[in-house]
file final.cif (mmCIF, C-alpha atoms (C1' of nucleotides))
data_upload
loop_
_atom_site.label_atom_id
_atom_site.label_comp_id
_atom_site.auth_asym_id
_atom_site.auth_seq_id
_atom_site.Cartn_x
_atom_site.Cartn_y
_atom_site.Cartn_z
CA MET A 195 83.10 -3.78 -175.12
CA ALA A 196 81.41 -6.49 -177.13
CA ALA A 197 82.28 -9.58 -175.10
CA LEU A 198 81.43 -8.04 -171.77
CA GLN A 199 77.90 -7.22 -172.75
CA LYS A 200 77.07 -10.80 -173.41
CA SER A 201 75.35 -12.35 -170.46
CA ILE A 202 77.59 -14.39 -168.21
CA ASP A 203 74.43 -16.18 -167.13
CA LYS A 204 73.87 -17.54 -170.61
CA ARG A 205 77.44 -18.73 -170.82
CA ASN A 206 77.10 -20.46 -167.48
CA ALA A 207 73.79 -22.03 -168.45
CA LEU A 208 75.44 -23.41 -171.59
CA ILE A 209 78.33 -24.86 -169.60
CA GLU A 210 76.02 -26.48 -167.07
CA ALA A 211 73.78 -27.90 -169.78
CA THR A 212 76.83 -29.33 -171.53
CA ILE A 213 77.98 -31.07 -168.36
CA GLU A 214 74.60 -32.64 -167.67
CA LEU A 215 73.88 -33.75 -171.22
CA VAL A 216 77.36 -35.08 -171.91
CA ASN A 217 77.21 -37.01 -168.64
CA ASN A 218 73.95 -38.63 -169.69
CA ASP A 219 74.49 -39.24 -173.37
CA GLY A 220 78.14 -38.65 -174.20
CA PHE A 221 79.68 -35.87 -176.26
CA HIS A 222 78.75 -36.91 -179.76
CA ALA A 223 75.26 -38.03 -178.80
CA THR A 224 74.51 -34.58 -177.45
CA PRO A 225 73.27 -32.24 -180.19
CA MET A 226 73.86 -28.51 -179.99
CA SER A 227 70.11 -28.06 -180.31
CA LYS A 228 69.56 -29.98 -177.08
CA ILE A 229 72.21 -27.99 -175.22
CA ALA A 230 70.56 -24.81 -176.47
CA LYS A 231 67.12 -25.96 -175.34
CA MET A 232 68.31 -26.88 -171.84
CA ALA A 233 70.06 -23.52 -171.53
CA ASN A 234 66.92 -21.71 -172.77
CA VAL A 235 68.75 -20.25 -175.69
CA SER A 236 68.65 -20.47 -179.45
CA PRO A 237 71.13 -22.84 -181.08
CA ALA A 238 72.61 -19.90 -182.94
CA THR A 239 73.31 -18.12 -179.66
CA ILE A 240 75.82 -20.78 -178.66
CA TYR A 241 78.04 -19.52 -181.45
CA LEU A 242 78.17 -16.05 -179.92
CA TYR A 243 79.88 -17.57 -176.87
CA PHE A 244 81.86 -20.45 -178.38
CA ASP A 245 83.52 -21.03 -181.74
CA ASN A 246 81.97 -24.44 -182.27
CA LYS A 247 80.99 -27.60 -180.45
CA GLN A 248 84.60 -28.67 -179.81
CA ASP A 249 85.41 -25.28 -178.35
CA LEU A 250 82.35 -25.49 -176.10
CA VAL A 251 83.38 -28.81 -174.66
CA ASN A 252 87.04 -27.79 -174.32
CA LYS A 253 86.10 -24.68 -172.38
CA THR A 254 83.65 -26.63 -170.25
CA TYR A 255 86.47 -29.02 -169.39
CA ILE A 256 88.83 -26.25 -168.37
CA GLU A 257 86.13 -24.63 -166.27
CA VAL A 258 85.24 -27.82 -164.43
CA LYS A 259 88.90 -28.69 -163.89
CA SER A 260 89.45 -25.24 -162.39
CA ARG A 261 86.54 -25.68 -159.98
CA TYR A 262 87.94 -29.06 -159.03
CA THR A 263 91.43 -27.88 -158.19
CA ALA A 264 90.21 -24.67 -156.56
CA TYR A 265 88.14 -26.85 -154.25
CA ALA A 266 90.96 -29.33 -153.70
CA PHE A 267 93.46 -26.69 -152.58
CA GLU A 268 91.04 -24.32 -150.85
CA THR A 269 92.06 -25.13 -147.28
CA TYR A 270 95.64 -26.18 -148.02
CA ARG A 271 98.44 -23.89 -146.87
CA GLU A 272 102.06 -24.28 -147.85
CA THR A 273 102.99 -23.82 -144.23
CA MET A 274 101.36 -27.14 -143.35
CA SER A 275 103.48 -30.22 -142.76
CA VAL A 276 103.63 -32.68 -145.65
CA GLU A 277 101.40 -35.16 -143.87
CA GLU A 278 98.82 -32.60 -142.85
CA GLY A 279 98.88 -31.00 -146.29
CA PHE A 280 98.32 -34.30 -148.00
CA GLU A 281 95.46 -35.17 -145.68
CA VAL A 282 93.76 -31.85 -146.28
CA ILE A 283 94.08 -32.06 -150.05
CA TRP A 284 93.09 -35.72 -150.22
CA LYS A 285 89.97 -35.16 -148.16
CA ARG A 286 88.97 -32.11 -150.13
CA ILE A 287 89.27 -34.12 -153.33
CA ALA A 288 87.11 -36.84 -151.80
CA ASP A 289 84.55 -34.23 -150.72
CA PHE A 290 84.46 -32.76 -154.17
CA LYS A 291 83.84 -36.10 -155.78
CA LEU A 292 81.09 -36.87 -153.28
CA LYS A 293 79.36 -33.50 -153.49
CA GLU A 294 79.96 -32.36 -157.04
CA VAL A 295 79.05 -35.62 -158.66
CA ALA A 296 78.19 -34.18 -162.04
CA ASP A 297 81.48 -32.32 -162.26
CA ALA A 298 83.44 -35.39 -161.22
CA MET A 299 81.66 -37.60 -163.74
CA PHE A 300 82.30 -35.09 -166.47
CA LEU A 301 86.02 -34.98 -165.72
CA ALA A 302 86.22 -38.77 -165.66
CA GLN A 303 84.61 -38.97 -169.07
CA CYS A 304 86.92 -36.30 -170.45
CA ASP A 305 89.99 -38.08 -169.11
CA ASN A 306 89.05 -41.42 -170.65
CA THR A 307 87.85 -40.49 -174.12
CA PRO A 308 89.14 -38.59 -177.17
CA MET A 309 86.51 -35.92 -176.43
CA ILE A 310 88.95 -33.17 -175.39
CA ASP A 311 91.74 -31.97 -177.63
CA GLU A 312 95.36 -32.19 -176.54
CA PRO A 313 96.04 -28.51 -175.79
CA SER A 314 93.06 -28.35 -173.42
CA ARG A 315 94.13 -31.60 -171.82
CA ARG A 316 97.59 -30.18 -171.11
CA GLU A 317 96.06 -26.97 -169.82
CA GLY A 318 93.99 -29.02 -167.38
CA ILE A 319 97.01 -30.86 -165.98
CA LYS A 320 98.75 -27.65 -164.92
CA HIS A 321 96.15 -27.07 -162.25
CA LEU A 322 97.47 -29.91 -160.07
CA GLN A 323 100.82 -28.22 -159.49
CA PRO A 324 100.40 -27.53 -155.75
CA LEU A 325 100.02 -31.26 -155.10
CA LEU A 326 103.15 -32.04 -157.11
CA ASP A 327 105.00 -29.37 -155.16
CA LEU A 328 103.86 -30.92 -151.90
CA TRP A 329 105.12 -34.30 -153.01
CA ALA A 330 108.46 -32.80 -154.02
CA ARG A 331 108.76 -31.35 -150.53
CA GLY A 332 107.78 -34.69 -149.01
CA LYS A 333 110.46 -36.48 -151.01
CA ALA A 334 113.06 -33.91 -150.00
CA GLU A 335 112.15 -34.41 -146.35
CA GLY A 336 112.34 -38.19 -146.70
CA ILE A 337 108.66 -38.59 -145.82
CA ILE A 338 107.30 -39.60 -149.21
CA LYS A 339 108.53 -42.47 -151.36
CA PRO A 340 111.03 -41.38 -154.02
CA ILE A 341 108.90 -42.56 -156.96
CA SER A 342 107.38 -40.74 -159.90
CA ASP A 343 104.44 -38.43 -159.37
CA TYR A 344 102.41 -40.70 -161.63
CA LEU A 345 102.92 -43.62 -159.28
CA LEU A 346 102.09 -41.48 -156.27
CA TYR A 347 98.95 -40.35 -158.03
CA ALA A 348 98.02 -43.88 -159.02
CA TYR A 349 98.34 -45.12 -155.45
CA SER A 350 96.76 -42.28 -153.54
CA ILE A 351 94.45 -40.11 -155.62
CA ASN A 352 93.23 -42.30 -158.44
CA PRO A 353 91.54 -44.96 -156.25
CA LEU A 354 89.14 -42.20 -155.21
CA SER A 355 87.79 -41.98 -158.75
CA PHE A 356 86.88 -45.61 -158.79
CA LEU A 357 85.31 -45.41 -155.34
CA MET A 358 83.06 -42.56 -156.37
CA LEU A 359 82.18 -44.31 -159.60
CA VAL A 360 80.84 -47.36 -157.81
CA GLU A 361 79.18 -45.20 -155.17
CA ASN A 362 77.39 -43.27 -157.90
CA ARG A 363 76.22 -46.46 -159.54
CA GLY A 364 74.56 -47.32 -156.22
CA ALA A 365 76.88 -50.22 -155.51
CA ILE A 366 78.29 -48.96 -152.20
CA LYS A 367 77.75 -46.17 -149.73
CA ILE A 368 80.78 -44.19 -148.64
CA GLY A 369 80.47 -42.71 -145.16
CA PRO A 370 83.03 -41.01 -142.91
CA GLN A 371 84.42 -44.35 -141.79
CA GLU A 372 85.03 -45.71 -145.29
CA LEU A 373 86.57 -42.37 -146.20
CA GLU A 374 88.94 -42.43 -143.26
CA GLU A 375 89.96 -46.00 -144.07
CA ALA A 376 90.53 -45.06 -147.69
CA PHE A 377 92.62 -42.11 -146.64
CA GLN A 378 94.78 -44.23 -144.35
CA ALA A 379 95.32 -46.71 -147.17
CA ALA A 380 96.25 -43.90 -149.55
CA TRP A 381 98.67 -42.29 -147.14
CA SER A 382 100.40 -45.48 -146.12
CA SER A 383 100.93 -46.46 -149.74
CA ILE A 384 102.90 -43.31 -150.50
CA LYS A 385 104.63 -42.52 -147.21
CA ILE A 386 107.95 -44.06 -146.23
CA ASN A 387 107.44 -46.60 -143.48
CA ARG A 388 109.95 -46.17 -140.69
CA MET B 108 72.64 -73.15 -190.77
CA ALA B 109 72.59 -69.52 -191.75
CA ALA B 110 74.78 -68.07 -189.04
CA LEU B 111 77.49 -70.66 -189.37
CA GLN B 112 78.04 -69.97 -193.03
CA LYS B 113 78.90 -66.39 -192.41
CA SER B 114 82.61 -65.86 -192.19
CA ILE B 115 83.97 -65.65 -188.68
CA ASP B 116 86.87 -63.72 -190.18
CA LYS B 117 84.57 -60.91 -191.26
CA ARG B 118 83.01 -60.75 -187.83
CA ASN B 119 86.46 -60.58 -186.25
CA ALA B 120 87.62 -57.93 -188.68
CA LEU B 121 84.59 -55.84 -187.78
CA ILE B 122 85.26 -56.21 -184.06
CA GLU B 123 88.93 -55.26 -184.46
CA ALA B 124 88.08 -52.29 -186.64
CA THR B 125 85.56 -51.12 -184.08
CA ILE B 126 88.13 -51.27 -181.29
CA GLU B 127 90.73 -49.33 -183.23
CA LEU B 128 88.40 -46.66 -184.56
CA VAL B 129 86.53 -46.14 -181.30
CA ASN B 130 89.86 -45.83 -179.50
CA ASN B 131 90.97 -43.12 -181.89
CA ASP B 132 87.79 -41.14 -182.41
CA GLY B 133 85.19 -42.27 -179.89
CA PHE B 134 82.02 -44.22 -180.48
CA HIS B 135 79.77 -41.59 -182.00
CA ALA B 136 82.51 -40.08 -184.12
CA THR B 137 83.11 -43.45 -185.77
CA PRO B 138 80.81 -43.99 -188.77
CA MET B 139 79.69 -47.45 -189.79
CA SER B 140 81.10 -46.72 -193.24
CA LYS B 141 84.57 -46.28 -191.78
CA ILE B 142 84.33 -49.48 -189.77
CA ALA B 143 83.21 -51.27 -192.94
CA LYS B 144 86.09 -49.84 -194.93
CA MET B 145 88.69 -50.84 -192.35
CA ALA B 146 87.23 -54.36 -192.23
CA ASN B 147 87.18 -54.57 -196.05
CA VAL B 148 83.47 -55.06 -196.12
CA SER B 149 80.43 -53.22 -197.39
CA PRO B 150 78.51 -51.14 -194.83
CA ALA B 151 75.45 -53.30 -195.52
CA THR B 152 77.39 -56.42 -194.59
CA ILE B 153 77.78 -55.23 -191.01
CA TYR B 154 74.04 -55.72 -190.63
CA LEU B 155 74.34 -59.41 -191.48
CA TYR B 156 76.47 -59.83 -188.35
CA PHE B 157 75.04 -57.23 -185.98
CA ASP B 158 71.59 -55.72 -185.46
CA ASN B 159 72.80 -52.14 -185.47
CA LYS B 160 75.63 -49.93 -184.33
CA GLN B 161 74.76 -50.23 -180.64
CA ASP B 162 74.68 -54.00 -180.91
CA LEU B 163 78.07 -53.96 -182.63
CA VAL B 164 79.69 -51.99 -179.84
CA ASN B 165 77.95 -53.98 -177.10
CA LYS B 166 79.20 -57.25 -178.56
CA THR B 167 82.66 -55.81 -179.06
CA TYR B 168 82.68 -54.86 -175.40
CA ILE B 169 81.65 -58.33 -174.24
CA GLU B 170 84.27 -59.90 -176.50
CA VAL B 171 87.09 -57.71 -175.26
CA LYS B 172 86.03 -58.16 -171.64
CA SER B 173 86.13 -61.93 -172.15
CA ARG B 174 89.61 -61.80 -173.58
CA TYR B 175 90.68 -59.65 -170.65
CA THR B 176 89.40 -61.97 -167.95
CA ALA B 177 90.49 -65.11 -169.79
CA TYR B 178 93.99 -63.66 -169.81
CA ALA B 179 93.77 -62.52 -166.21
CA PHE B 180 92.82 -65.96 -164.87
CA GLU B 181 94.78 -68.08 -167.33
CA THR B 182 97.50 -69.21 -164.94
CA TYR B 183 95.48 -68.94 -161.75
CA ARG B 184 94.49 -72.16 -159.99
CA GLU B 185 92.06 -72.37 -157.11
CA THR B 186 94.54 -74.61 -155.31
CA MET B 187 96.92 -71.68 -154.96
CA SER B 188 97.25 -69.83 -151.68
CA VAL B 189 95.43 -66.53 -151.45
CA GLU B 190 98.64 -64.56 -151.66
CA GLU B 191 100.02 -66.51 -154.57
CA GLY B 192 96.68 -66.42 -156.36
CA PHE B 193 96.41 -62.68 -155.99
CA GLU B 194 99.94 -62.14 -157.22
CA VAL B 195 99.33 -64.30 -160.28
CA ILE B 196 96.08 -62.57 -161.19
CA TRP B 197 97.39 -59.09 -160.50
CA LYS B 198 100.45 -59.61 -162.66
CA ARG B 199 98.43 -61.13 -165.50
CA ILE B 200 96.16 -58.10 -165.45
CA ALA B 201 99.20 -55.86 -165.57
CA ASP B 202 100.63 -57.87 -168.46
CA PHE B 203 97.37 -57.64 -170.35
CA LYS B 204 97.21 -53.89 -169.97
CA LEU B 205 100.82 -53.55 -171.08
CA LYS B 206 100.58 -55.88 -174.05
CA GLU B 207 97.01 -55.53 -175.23
CA VAL B 208 96.97 -51.78 -175.16
CA ALA B 209 94.15 -51.35 -177.65
CA ASP B 210 91.90 -53.74 -175.76
CA ALA B 211 92.66 -52.07 -172.45
CA MET B 212 92.01 -48.60 -173.85
CA PHE B 213 88.74 -49.76 -175.31
CA LEU B 214 87.58 -51.17 -171.97
CA ALA B 215 88.55 -47.99 -170.16
CA GLN B 216 86.52 -45.94 -172.57
CA CYS B 217 83.53 -48.26 -172.26
CA ASP B 218 83.69 -48.12 -168.48
CA ASN B 219 83.75 -44.34 -168.33
CA THR B 220 81.15 -43.33 -170.89
CA PRO B 221 77.47 -44.03 -171.65
CA MET B 222 78.61 -45.91 -174.76
CA ILE B 223 77.58 -49.38 -173.58
CA ASP B 224 74.05 -50.21 -172.51
CA GLU B 225 73.30 -51.45 -169.00
CA PRO B 226 72.64 -55.13 -169.76
CA SER B 227 75.99 -55.48 -171.51
CA ARG B 228 77.69 -53.65 -168.66
CA ARG B 229 76.26 -56.12 -166.14
CA GLU B 230 77.22 -59.02 -168.36
CA GLY B 231 80.78 -57.75 -168.41
CA ILE B 232 81.02 -57.56 -164.61
CA LYS B 233 80.24 -61.24 -164.15
CA HIS B 234 83.56 -62.20 -165.68
CA LEU B 235 85.51 -61.02 -162.64
CA GLN B 236 83.95 -63.64 -160.36
CA PRO B 237 87.10 -65.74 -159.76
CA LEU B 238 88.83 -62.71 -158.25
CA LEU B 239 85.87 -62.02 -155.96
CA ASP B 240 85.91 -65.67 -154.90
CA LEU B 241 89.60 -65.43 -154.10
CA TRP B 242 88.98 -62.36 -151.96
CA ALA B 243 86.15 -64.13 -150.14
CA ARG B 244 88.54 -66.95 -149.35
CA GLY B 245 91.19 -64.49 -148.24
CA LYS B 246 88.74 -62.79 -145.88
CA ALA B 247 87.64 -66.15 -144.46
CA GLU B 248 91.26 -67.03 -143.81
CA GLY B 249 91.92 -63.70 -142.12
CA ILE B 250 94.49 -62.73 -144.75
CA ILE B 251 92.58 -60.02 -146.56
CA LYS B 252 90.95 -56.95 -145.02
CA PRO B 253 87.26 -57.42 -144.28
CA ILE B 254 86.15 -54.57 -146.53
CA SER B 255 83.91 -54.46 -149.58
CA ASP B 256 85.11 -55.87 -152.87
CA TYR B 257 84.79 -52.40 -154.35
CA LEU B 258 87.30 -51.04 -151.86
CA LEU B 259 89.64 -53.95 -152.49
CA TYR B 260 89.33 -53.31 -156.20
CA ALA B 261 89.90 -49.59 -155.76
CA TYR B 262 93.08 -50.15 -153.78
CA SER B 263 94.66 -52.99 -155.70
CA ILE B 264 93.44 -53.33 -159.27
CA ASN B 265 92.26 -49.91 -160.28
CA PRO B 266 95.59 -48.11 -159.83
CA LEU B 267 96.86 -50.28 -162.67
CA SER B 268 94.47 -48.60 -165.09
CA PHE B 269 95.83 -45.21 -164.30
CA LEU B 270 99.41 -46.42 -164.55
CA MET B 271 98.82 -47.84 -168.00
CA LEU B 272 96.98 -44.71 -169.08
CA VAL B 273 99.95 -42.49 -168.30
CA GLU B 274 102.36 -45.05 -169.75
CA ASN B 275 100.38 -45.04 -172.99
CA ARG B 276 100.42 -41.27 -173.14
CA GLY B 277 104.21 -41.50 -173.04
CA ALA B 278 104.52 -39.93 -169.61
CA ILE B 279 106.28 -42.82 -167.88
CA LYS B 280 107.87 -46.13 -168.70
CA ILE B 281 106.83 -49.13 -166.65
CA GLY B 282 109.50 -51.82 -166.39
CA PRO B 283 109.72 -54.94 -164.24
CA GLN B 284 110.88 -52.92 -161.24
CA GLU B 285 108.03 -50.41 -161.32
CA LEU B 286 105.65 -53.32 -161.77
CA GLU B 287 107.01 -55.18 -158.76
CA GLU B 288 106.80 -52.02 -156.64
CA ALA B 289 103.25 -51.43 -157.78
CA PHE B 290 102.34 -54.99 -156.94
CA GLN B 291 103.82 -54.73 -153.45
CA ALA B 292 101.87 -51.53 -152.87
CA ALA B 293 98.67 -53.18 -154.09
CA TRP B 294 99.12 -56.25 -151.96
CA SER B 295 100.02 -54.43 -148.79
CA SER B 296 97.00 -52.16 -149.14
CA ILE B 297 94.58 -55.08 -149.08
CA LYS B 298 96.31 -57.64 -146.89
CA ILE B 299 95.96 -57.65 -143.12
CA ASN B 300 99.22 -56.55 -141.53
CA ARG B 301 100.23 -58.79 -138.70
"C1'" DT C 146 70.65 -74.09 -209.32
"C1'" DA C 147 68.60 -72.19 -205.47
"C1'" DA C 148 69.59 -70.16 -201.25
"C1'" DA C 149 72.81 -67.37 -198.53
"C1'" DA C 150 76.07 -63.73 -198.39
"C1'" DA C 151 77.75 -59.56 -199.92
"C1'" DA C 152 77.76 -55.40 -202.33
"C1'" DG C 153 76.92 -50.53 -203.71
"C1'" DA C 154 73.67 -47.18 -204.23
"C1'" DA C 155 69.76 -44.98 -202.30
"C1'" DT C 156 66.97 -42.98 -198.44
"C1'" DG C 157 65.49 -40.20 -194.91
"C1'" DA C 158 66.58 -38.30 -190.65
"C1'" DA C 159 69.61 -35.63 -187.76
"C1'" DC C 160 73.22 -32.78 -187.13
"C1'" DG C 161 76.51 -28.59 -186.81
"C1'" DT C 162 76.63 -24.33 -188.46
"C1'" DT C 163 75.18 -20.07 -190.89
"C1'" DC C 164 71.91 -16.64 -192.58
"C1'" DA C 165 68.54 -13.10 -192.56
"C1'" DT C 166 65.87 -10.86 -189.40
"C1'" DT C 167 64.13 -9.16 -184.99
"C1'" DT C 168 64.81 -7.69 -180.29
"C1'" DT C 169 67.43 -5.65 -176.71
"C1'" DT C 170 70.72 -2.51 -174.93
"C1'" DA C 171 72.73 1.71 -173.73
"C1'" DA C 172 74.50 6.08 -175.12
"C1'" DT C 173 72.99 10.52 -176.76
"C1'" DA C 174 69.89 14.28 -177.81
"C1'" DT C 175 65.82 16.53 -176.61
"C1'" DA D 53 62.77 12.04 -167.77
"C1'" DT D 54 61.88 10.66 -172.61
"C1'" DA D 55 62.75 9.78 -177.35
"C1'" DT D 56 66.09 8.46 -180.82
"C1'" DT D 57 69.21 5.51 -182.76
"C1'" DA D 58 72.87 2.52 -183.95
"C1'" DA D 59 75.26 -1.32 -182.50
"C1'" DA D 60 75.17 -5.73 -180.09
"C1'" DA D 61 72.77 -9.78 -178.92
"C1'" DA D 62 69.59 -13.12 -179.84
"C1'" DT D 63 66.60 -15.73 -182.67
"C1'" DG D 64 64.23 -19.35 -185.78
"C1'" DA D 65 64.56 -21.09 -190.07
"C1'" DA D 66 67.39 -22.87 -193.56
"C1'" DC D 67 71.59 -25.13 -195.59
"C1'" DG D 68 74.62 -28.56 -196.77
"C1'" DT D 69 76.59 -32.57 -195.04
"C1'" DT D 70 76.97 -36.83 -192.80
"C1'" DC D 71 75.28 -40.77 -191.03
"C1'" DA D 72 72.78 -45.26 -189.88
"C1'" DT D 73 70.12 -48.19 -192.15
"C1'" DT D 74 67.58 -50.36 -196.06
"C1'" DC D 75 66.79 -51.74 -200.85
"C1'" DT D 76 67.88 -53.93 -205.03
"C1'" DT D 77 71.10 -56.41 -207.46
"C1'" DT D 78 75.13 -59.32 -207.99
"C1'" DT D 79 78.26 -62.86 -206.41
"C1'" DT D 80 79.41 -66.83 -203.85
"C1'" DT D 81 78.49 -71.21 -201.80
"C1'" DA D 82 77.24 -75.93 -201.42
#
call {"tool": "encode", "arguments": {"input": "final.cif", "output": "structure tokens"}}
result
Amino acid sequence: MAALQKSIDKRNALIEATIELVNNDGFHATPMSKIAKMANVSPATIYLYFDNKQDLVNKTYIEVKSRYTAYAFETYRETMSVEEGFEVIWKRIADFKLKEVADAMFLAQCDNTPMIDEPSRREGIKHLQPLLDLWARGKAEGIIKPISDYLLYAYSINPLSFLMLVENRGAIKIGPQELEEAFQAAWSSIKINR
Amino acid sequence: MAALQKSIDKRNALIEATIELVNNDGFHATPMSKIAKMANVSPATIYLYFDNKQDLVNKTYIEVKSRYTAYAFETYRETMSVEEGFEVIWKRIADFKLKEVADAMFLAQCDNTPMIDEPSRREGIKHLQPLLDLWARGKAEGIIKPISDYLLYAYSINPLSFLMLVENRGAIKIGPQELEEAFQAAWSSIKINR
DNA sequence: TAAAAAAGAATGAACGTTCATTTTTAATAT
DNA sequence: ATATTAAAAATGAACGTTCATTCTTTTTTA
């Protein structure tokens, strides 16, 4: 089987090199030759694993998005209460952005530039479904505000991105206390106050 | 005086073309020749107004950032109460992002990519000073939570960016009601609850 | 009429991708 | 076990294109 013989290590090395170089220089300022060099591979070899540069960055995006959501939902169980579920997911997302800085930066760049094509973008969105389901449950139970998922996301999840951005630029340090405060702010902005 | 003879119209046309093309294709995928064509100018003429491509995009960034903050603080007066001042600024920022979509998109891209060099980035940050001063006053008066400006920004201003992003992608429609709700959420996440 | 501004064509470097060739792999025959 | 071999994988060099920038000439300005 042709595809299976190709080394998964090389593919991974190419993906990791893409993340690092695109984070530093941006998509179009990163030549294929540089990606190849960092992955210890010939430029031509890239084309055995990916159709072209666009395909490489699309597939890198999907891969990183998958890691992100796998991490986010790892400890979440559908049997949890809405509040507990949200706390677990929120804190896992925060952890991911603190620990997997390169991945988080890469996703932020992808989400704010025309770097990724539309089909891959849509593919990436699907991965958040468990959170949307949780919110639907929360609305049904009268625990979560009856507003669009986009608003819920804007209030509770998106602020995390900005926090990590400024942390990574060395502007602030986010410890357990700041994280807990941020979580409380997130939760109280989407829950119904009794 | 050399510089003064050059047409300010041409400079403006170049800036506007840069915004539009970078929004559509990204910085590195936008050739100088295309910018020149859209501005009805020869490629060589760009170099009478800007040192090089990087300088063009840096100056475009500073210009757009200035417009943004000028708009944000237009109706704000230091004599206003903290709450009123915040409401005025917050709603002006929201207006700007709703009405000046191209400018807002451009800033978002600049802030999430390595497109702009560090000096220009720092220059751009300075423009937000009036908001930071307002928050300092609010903290002194015991009205605003005694947390870092970055946290305040993350909770109250940043969610707007995400809202506008999804609005611009056609996912939601933000009317006066959604805006008022979003403002209330922003304000209550940074004010001290008595 | 001379200096500034603008233009279009030219230049050289860098890039994504492909091509021709070599190296590696793994199945088969000895 | 070892040798054979054909296909797959990998390579470095080369190709054609595109781009930022500069050069030379023309046009505009005061």
call {"tool": "residues_around", "arguments": {"input": "final.cif", "residues": "DT54 of chain D", "least_positions_apart": "5", "cutoff": "12 Å", "atoms": "only C-alpha atoms (C1' of nucleotides)", "output": "list of chain:residue names"}}
result
C:DT173, C:DA174, C:DT175
call {"tool": "resolve_selection", "arguments": {"input": "final.cif", "expression": "the PyMOL selection byres ((chain C) within 12 of (chain A))", "output": "mmCIF file with C-alpha atoms (C1' of nucleotides), in the coordinates of the input"}}
result
data_model
loop_
_atom_site.group_PDB
_atom_site.id
_atom_site.type_symbol
_atom_site.label_atom_id
_atom_site.label_comp_id
_atom_site.auth_asym_id
_atom_site.auth_seq_id
_atom_site.Cartn_x
_atom_site.Cartn_y
_atom_site.Cartn_z
ATOM 1 C "C1'" DA C 159 69.610 -35.630 -187.760
ATOM 2 C "C1'" DC C 160 73.220 -32.780 -187.130
ATOM 3 C "C1'" DG C 161 76.510 -28.590 -186.810
ATOM 4 C "C1'" DT C 162 76.630 -24.330 -188.460
ATOM 5 C "C1'" DT C 163 75.180 -20.070 -190.890
ATOM 6 C "C1'" DC C 164 71.910 -16.640 -192.580
ATOM 7 C "C1'" DT C 169 67.430 -5.650 -176.710
ATOM 8 C "C1'" DT C 170 70.720 -2.510 -174.930
ATOM 9 C "C1'" DA C 171 72.730 1.710 -173.730
#
call {"tool": "resolve_selection", "arguments": {"input": "final.cif", "expression": "the PyMOL selection byres ((chain A) within 8 of (chain B))", "output": "number ranges by chain"}}
result
A: 217-220, 222-223, 302-303, 306-309, 344-345, 348-349, 352-354, 356-357, 360, 366, 376, 379, 383
call {"tool": "residues_around", "arguments": {"input": "final.cif", "residues": "DA165 of chain C", "least_positions_apart": "3", "cutoff": "12 Å", "atoms": "all atoms listed in the file", "output": "list in words"}}
result
DT63, DG64, DA65 and DA66 of chain D
call {"tool": "resolve_selection", "arguments": {"input": "final.cif", "expression": "the PyMOL selection byres ((chain C and resi 167) around 9)", "output": "list in words"}}
result
DT166 and DT168 of chain C; DA62 and DT63 of chain D
call {"tool": "closest_residue", "arguments": {"input": "final.cif", "among": "A:Gly279, A:Asn362, A:Asp289, A:Ala298", "to": "Leu326 of chain A", "atoms": "all atoms listed in the file"}}
result
A:Gly279
call {"tool": "axis_aligned_box", "arguments": {"input": "final.cif", "around": "segment 63-82 of chain D", "padding_each_side": "8 Å", "output": "JSON"}}
result
{"center_x": 71.8, "center_y": -45.8, "center_z": -195.3, "size_x": 31.2, "size_y": 76.2, "size_z": 41.3}
call {"tool": "residues_around", "arguments": {"input": "final.cif", "residues": "Gly332 of chain A", "least_positions_apart": "4", "cutoff": "6 Å", "atoms": "only C-alpha atoms (C1' of nucleotides)", "output": "PyMOL selection string"}}
result
chain A and resi 276+337-338
call {"tool": "interface_residues", "arguments": {"input": "final.cif", "of": "chain D", "to": "chain B", "cutoff": "12 Å", "atoms": "only C-alpha atoms (C1' of nucleotides)", "output": "number ranges by chain"}}
result
D: 70-75, 80-82
call {"tool": "residues_around", "arguments": {"input": "final.cif", "residues": "Tyr175 of chain B", "least_positions_apart": "3", "cutoff": "9 Å", "atoms": "all atoms listed in the file", "output": "list of chain:residue names"}}
result
B:Glu170, B:Val171, B:Lys172, B:Tyr178, B:Ala179, B:Phe180, B:Ile200, B:Phe203, B:Lys204, B:Glu207, B:Asp210, B:Ala211
call {"tool": "write_last_selection", "arguments": {"input": "final.cif", "atoms": "C-alpha atoms", "output": "PDB file, keeping the file's coordinate frame"}}
result
ATOM      1  CA  GLU B 170      84.270 -59.900-176.500  1.00  0.00           C
ATOM      2  CA  VAL B 171      87.090 -57.710-175.260  1.00  0.00           C
ATOM      3  CA  LYS B 172      86.030 -58.160-171.640  1.00  0.00           C
ATOM      4  CA  TYR B 178      93.990 -63.660-169.810  1.00  0.00           C
ATOM      5  CA  ALA B 179      93.770 -62.520-166.210  1.00  0.00           C
ATOM      6  CA  PHE B 180      92.820 -65.960-164.870  1.00  0.00           C
ATOM      7  CA  ILE B 200      96.160 -58.100-165.450  1.00  0.00           C
ATOM      8  CA  PHE B 203      97.370 -57.640-170.350  1.00  0.00           C
ATOM      9  CA  LYS B 204      97.210 -53.890-169.970  1.00  0.00           C
ATOM     10  CA  GLU B 207      97.010 -55.530-175.230  1.00  0.00           C
ATOM     11  CA  ASP B 210      91.900 -53.740-175.760  1.00  0.00           C
ATOM     12  CA  ALA B 211      92.660 -52.070-172.450  1.00  0.00           C
TER      13      ALA B 211
END
call {"tool": "residues_around", "arguments": {"input": "final.cif", "residues": "Lys144 of chain B", "least_positions_apart": "2", "cutoff": "12 Å", "atoms": "only C-alpha atoms (C1' of nucleotides)", "output": "number ranges by chain"}}
result
B: 117, 120-121, 124-125, 128, 137-142, 146-153
